[in-house]
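Engineer: Can you keep this structure in mind? I'll have questions shortly.
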Amino acid sequence: MADYTIRDWHEGDDLQLMQIWPEAENTQAAVFRAKFGPDAEKPWQRTVVAEHDGVPVAAATVYETSLHSSRLWAYVEVAPDHRRAGLGGRLMQALRDAAETAPSGVVSLRSKVEPGSAGAGFAQWAGLGSIQRTRMIRVDAGALPQRALREDQDGNLDQAIEDLATGSLELTQAVWDFYRRVHEWDPPAEQSLGRVNRLFLSDEAEAYGAIVMRDGVIEARKNGKNAPIAAFAVSYRPLDADAPGREFSEDEPTEVLLGYDVDRVRSGGDVEQLLALLVAQYPVVIEVDDSMSILTELVDALLDRGTAHLEEETLVVADR
């Protein structure tokens with residue numbers, strides 16, 4: 001290991017590393033690579049680079065985020081020709097040493113890996129265990145039969161589907177309530193609704209439309225109120241939508257955040273109805289954590305039928 005030198009990040013390291021690293025193995029690796037950069041204080045981040053004979057061959061970064069602040073994100077990548085030489089372990093120790101200086105006082109680390117990948121094996125070796133599984137699921141067009149909205153015995157609708165502006169305070173609150181409840185395994189920090197909207201529903205987040213399912217319309221109307229949101233769907237533009245030469249086809253799925261009121265008894269039916277509407281003509285891709293019990297049951301059934309397909313699976317691994 002005497003041939004390797006660990007140092008701070010220098011300008012231009014990214015270009016040198018990209019020359020010797022292969023294509024990113026998965027989406028998560030690509031996202032983490034984009035985080036490499038100079039040290040920062042707000043938000044706090046430290047990045048180190050390993051050189052071999054003066055040439056950068058590996059890098060590692062650790063940083064904090066304001067949304068999930070109970071652990072620090074960490075990532076290590078070593079060029080294939082330099083793996084299994086103990087370099088990854090040295091970089092991981094450098095990250096742990098850096099974490100001791102984080103102003104938040106948080107030292108526990110987390111990362112994301114694909115099951116069965118080299119990264120998953122390294123994470124296990126480094127003492128990081130799985131705390132959550134996330135899947136990106138493509139749901140085919142027509143995967144679910146559409147159902148009529150529920151009526152009372154007099155034919156009055158007790159459900160409603162409506163478009164809602166992504167700037168809506170009501171929608172922002174519904175999204176945040178859902179997000180907090182399904183992330184109790186890694187509790188998010190308190191956020192203002194303005195910041196929640198910026199994170200999930202703004203132009204910056206590439207959100208461009210939302211529809212909601214309201215339930216209990218009849219009773220709410222008697223009280224002169226809007227019926228509560230039982231389920232919602234927010235659609236997003238692809239990250240590369242504006243890339244030169246980018247073309248779209250009808251069978252290209254739209255990425256959708258699908259959520260629901262965790263406490264409503266009929267949430268499962270409401271989510272299924274809303275998803276059936278979304279895929280009536282075109283496919284969608286939804287992100288499903290195992291903590292999203294209603295969505296998990298629904299997509300597992302669709303996967304069994306062959307009308308949904310696993311596009312990507314990720315494990316969140318962390319110090320315990």
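Ordered as shown in the structure tokens, chains take letters A, B, and onward, while each chain numbers its residues from 1 and ligands are numbered from 1 in the order shown.
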Just the residues within 8 Å of Val76 (chain A), please, counting only C-alpha atoms, with nothing from its chain fewer than 3 positions along; format it as a short mmCIF file (atom, residue, chain, number, x, y, z; two decimals) with all heavy atoms, in the first residue's frame.
Structural biologist:
data_model
loop_
_atom_site.label_atom_id
_atom_site.label_comp_id
_atom_site.auth_asym_id
_atom_site.auth_seq_id
_atom_site.Cartn_x
_atom_site.Cartn_y
_atom_site.Cartn_z
N ALA A 58 -8.82 6.51 -7.26
CA ALA A 58 -9.97 6.24 -6.39
C ALA A 58 -10.37 7.51 -5.67
O ALA A 58 -9.57 8.44 -5.54
CB ALA A 58 -9.63 5.14 -5.38
N ALA A 59 -11.62 7.53 -5.23
CA ALA A 59 -12.11 8.69 -4.49
C ALA A 59 -13.19 8.25 -3.53
O ALA A 59 -13.81 7.19 -3.70
CB ALA A 59 -12.65 9.75 -5.45
N ALA A 60 -13.40 9.07 -2.52
CA ALA A 60 -14.43 8.78 -1.53
C ALA A 60 -14.96 10.09 -0.98
O ALA A 60 -14.21 11.07 -0.86
CB ALA A 60 -13.87 7.92 -0.40
N THR A 61 -16.23 10.11 -0.66
CA THR A 61 -16.84 11.34 -0.14
C THR A 61 -17.81 11.02 0.98
O THR A 61 -18.42 9.95 1.01
CB THR A 61 -17.55 12.13 -1.27
OG1 THR A 61 -17.92 13.42 -0.79
CG2 THR A 61 -18.80 11.41 -1.76
N GLY A 88 -9.83 0.42 -0.73
CA GLY A 88 -11.17 0.81 -0.32
C GLY A 88 -11.29 0.94 1.18
O GLY A 88 -11.94 1.86 1.69
N LEU A 91 -9.72 4.20 2.30
CA LEU A 91 -10.59 5.34 2.01
C LEU A 91 -11.79 5.37 2.97
O LEU A 91 -12.21 6.45 3.41
CB LEU A 91 -11.08 5.27 0.57
CG LEU A 91 -10.00 5.54 -0.49
CD1 LEU A 91 -10.55 5.24 -1.88
CD2 LEU A 91 -9.51 6.98 -0.42
N MET A 92 -12.32 4.21 3.29
CA MET A 92 -13.45 4.16 4.22
C MET A 92 -13.03 4.68 5.59
O MET A 92 -13.77 5.43 6.24
CB MET A 92 -13.97 2.73 4.34
CG MET A 92 -15.30 2.61 5.04
SD MET A 92 -16.62 3.39 4.07
CE MET A 92 -18.04 3.07 5.11
#
Engineer: Find the residues near region 286-293 of chain A: any atom within 10 Å, counting only C-alpha atoms, skip ones fewer than 5 places away on the same chain, and give them as a ChimeraX atom specification.
Structural biologist: /A:132-139,178-179,181-185,233,235,253-260,262,268,275,298-299,311-315
Engineer: Please tabulate, as JSON lines, the residues of region 81-169 of chain A that come within 10 Å of region 20-38 of chain A, each with its closest pair of atoms and the distance in Å to one decimal, counting only C-alpha atoms and ordering rows by chain, then residue number upward.
Structural biologist:
{"residue": "A:Asp81", "atom": "CA", "partner": "A:Ile20", "partner_atom": "CA", "distance": 9.3}
{"residue": "A:Ser111", "atom": "CA", "partner": "A:Phe32", "partner_atom": "CA", "distance": 9.3}
{"residue": "A:Lys112", "atom": "CA", "partner": "A:Gln28", "partner_atom": "CA", "distance": 6.7}
{"residue": "A:Val113", "atom": "CA", "partner": "A:Gln28", "partner_atom": "CA", "distance": 7.1}
{"residue": "A:Glu114", "atom": "CA", "partner": "A:Asn26", "partner_atom": "CA", "distance": 7.9}
{"residue": "A:Ser117", "atom": "CA", "partner": "A:Glu25", "partner_atom": "CA", "distance": 8.9}
{"residue": "A:Ala118", "atom": "CA", "partner": "A:Glu25", "partner_atom": "CA", "distance": 9.7}
{"residue": "A:Gly119", "atom": "CA", "partner": "A:Ala29", "partner_atom": "CA", "distance": 9.3}
Engineer: Can you tell me how far CA of Leu15 (chain A) sits from CA of Val55 (chain A), in Å to one decimal?
Structural biologist: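 That distance, rounded to one decimal, is 11.5 Å.
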Engineer: Rank A:Val285, A:Ile294, A:Asp158, A:Leu128 by their smallest atom-to-atom distance to Leu310 (chain A), using only C-alpha atoms, and report the top residue only.
Structural biologist: A:Val285
Engineer: Pick the closest to Glu219 (chain A) from A:Leu157, A:Ala143, A:Leu201, A:Ile6: which is it, counting only C-alpha atoms?
Structural biologist: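 Closest to Glu219 (chain A) of all the choices is A:Leu157.
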Engineer: Please return as an MDAnalysis selection string: the residues of region 133-171 of chain A that backbone DSSP assigns to strand (DSSP E or B).
Structural biologist: chainID A and resid 133:139 151 157 159:163
Engineer: Which residue is closest to Thr101 (chain A)? Choose from A:Leu72, A:Val279, A:Ala231, A:Val78 and count only C-alpha atoms.
Structural biologist: A:Leu72
Engineer: As a list in words, please: every residue in region 120-211 of chain A that DSSP puts in alpha helix (DSSP H).
Structural biologist: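 The residues of region 120-211 of chain A classed as alpha helix (DSSP H) are Ala120, Gly121, Phe122, Ala123, Gln124, Trp125, Leu169, Glu170, Leu171, Thr172, Gln173, Ala174, Val175, Trp176, Asp177, Phe178, Tyr179, Arg180, Arg181, Val182, Leu193, Gly194, Arg195, Val196, Asn197, Arg198, Leu199 and Phe200 of chain A.
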